[in-house]
Amino acid sequence: MPNQVAMGAMMTCTFGAAPSMLVVLPTNKVLAEGSPAANIMDHVPMLNILPFGVCNSLANPMVTAATAAALGVLTPMPCIPMTPAPWMPGATMVLIANLPALDHVSKCLCNWGGMIAFSSAGTVKTMIP
């Protein structure tokens, strides 16, 4: 059974160079093990999803431009997440602020081709179906 994701959960991106931490604002008014619990709409770039160091995706216009300037040598650039869609699939049996709760097996896609996944849920005891 998956764990509930809460503030401080650690994430990785397939094109990012470093892990990042999920930020969950207390607007959902639900706590999981003392931290604000997340739902699938906690996907806002630079608010909920912070940068992953540098980006290696050629779909990212900054990386493409830097690589072209370096005569084709892949040149990573600072990560700026672009996550317009919510986390999928979420835990539809548990609602937080009338939206599906976020479990640690959910994924979020970045416009630059990266898949964001959880390496740590931020909780250890709170499991959701």
# chains A, B, ... in the order shown; residues from 1 in each chain; ligands from 1

$ residues_around --residues "A:Ala17" --least-positions-apart "4" --cutoff "7 Å" --atoms "only C-alpha atoms" --output "PyMOL selection string"
chain A and resi 52-55

$ residues_around --residues "A:Pro45" --least-positions-apart "3" --cutoff "12 Å" --atoms "only C-alpha atoms" --output "short mmCIF file (atom, residue, chain, number, x, y, z; two decimals) with C-alpha atoms, in the first residue's frame"
data_model
loop_
_atom_site.label_atom_id
_atom_site.label_comp_id
_atom_site.auth_asym_id
_atom_site.auth_seq_id
_atom_site.Cartn_x
_atom_site.Cartn_y
_atom_site.Cartn_z
CA SER A 20 14.43 18.21 -4.89
CA MET A 21 11.93 18.56 -2.07
CA LEU A 22 8.15 18.90 -2.43
CA VAL A 23 6.68 21.99 -0.79
CA VAL A 24 3.10 21.60 0.42
CA MET A 41 -2.92 19.55 -7.46
CA ASP A 42 0.30 20.26 -5.55
CA ASN A 48 5.43 23.02 -4.96
CA ILE A 49 8.06 21.58 -7.29
CA LEU A 50 11.47 23.19 -6.86
CA PRO A 51 14.38 22.90 -9.36
CA PHE A 52 16.42 19.70 -9.76
CA CYS A 79 16.40 23.50 -14.13
CA ILE A 80 13.14 25.41 -14.28
CA PRO A 81 10.35 22.82 -13.87
CA MET A 82 7.36 23.10 -16.22
CA THR A 83 4.60 20.89 -14.81
CA PRO A 84 1.22 22.02 -16.19
CA ALA A 85 -0.62 18.76 -15.43
CA PRO A 86 -1.42 17.34 -11.98
CA CYS A 108 4.28 14.17 -12.74
CA LEU A 109 5.47 15.01 -16.25
CA CYS A 110 7.60 18.03 -17.11
CA ASN A 111 7.14 19.82 -20.45
CA ILE A 116 9.20 13.37 -11.73
#

$ residues_around --residues "stretch 2-10 of chain A" --least-positions-apart "4" --cutoff "8 Å" --atoms "only C-alpha atoms" --output "ChimeraX atom specification"
/A:19-25,31-32,35-38,101-105,118-129

$ atom_distance --atom1 "atom CA of A:Trp112" --atom2 "atom CA of A:Met77"
12.2 Å

$ residues_around --residues "A:Met88" --least-positions-apart "3" --cutoff "8 Å" --atoms "only C-alpha atoms" --output "list in words"
Ile40, Ser106, Lys107 and Cys108 of chain A

$ closest_residue --among "A:Pro78, A:Met46, A:Met1, A:Ala70" --to "A:Ala18" --atoms "only C-alpha atoms"
A:Pro78

$ atom_distance --atom1 "atom CA of A:Thr12" --atom2 "atom CA of A:Val63"
18.7 Å

$ atom_distance --atom1 "atom CA of A:Ile96" --atom2 "atom CA of A:Gly114"
26.4 Å

$ select_by_dssp --residues "stretch 66-109 of chain A" --states "alpha helix (DSSP H)" --output "PyMOL selection string"
chain A and resi 66-69

$ residues_around --residues "A:Ala97" --least-positions-apart "4" --cutoff "9 Å" --atoms "only C-alpha atoms" --output "ChimeraX atom specification"
/A:27-30,39,101

$ closest_residue --among "A:Pro76, A:Pro100, A:Gly34, A:Ala91" --to "A:Ala59" --atoms "only C-alpha atoms"
A:Pro76

$ select_by_dssp --residues "chain A" --states "strand (DSSP E)" --output "ChimeraX atom specification"
/A:10-13,20-21,31-32,35-36,54-55,77-78,91-96,99-101,108-109,115-120
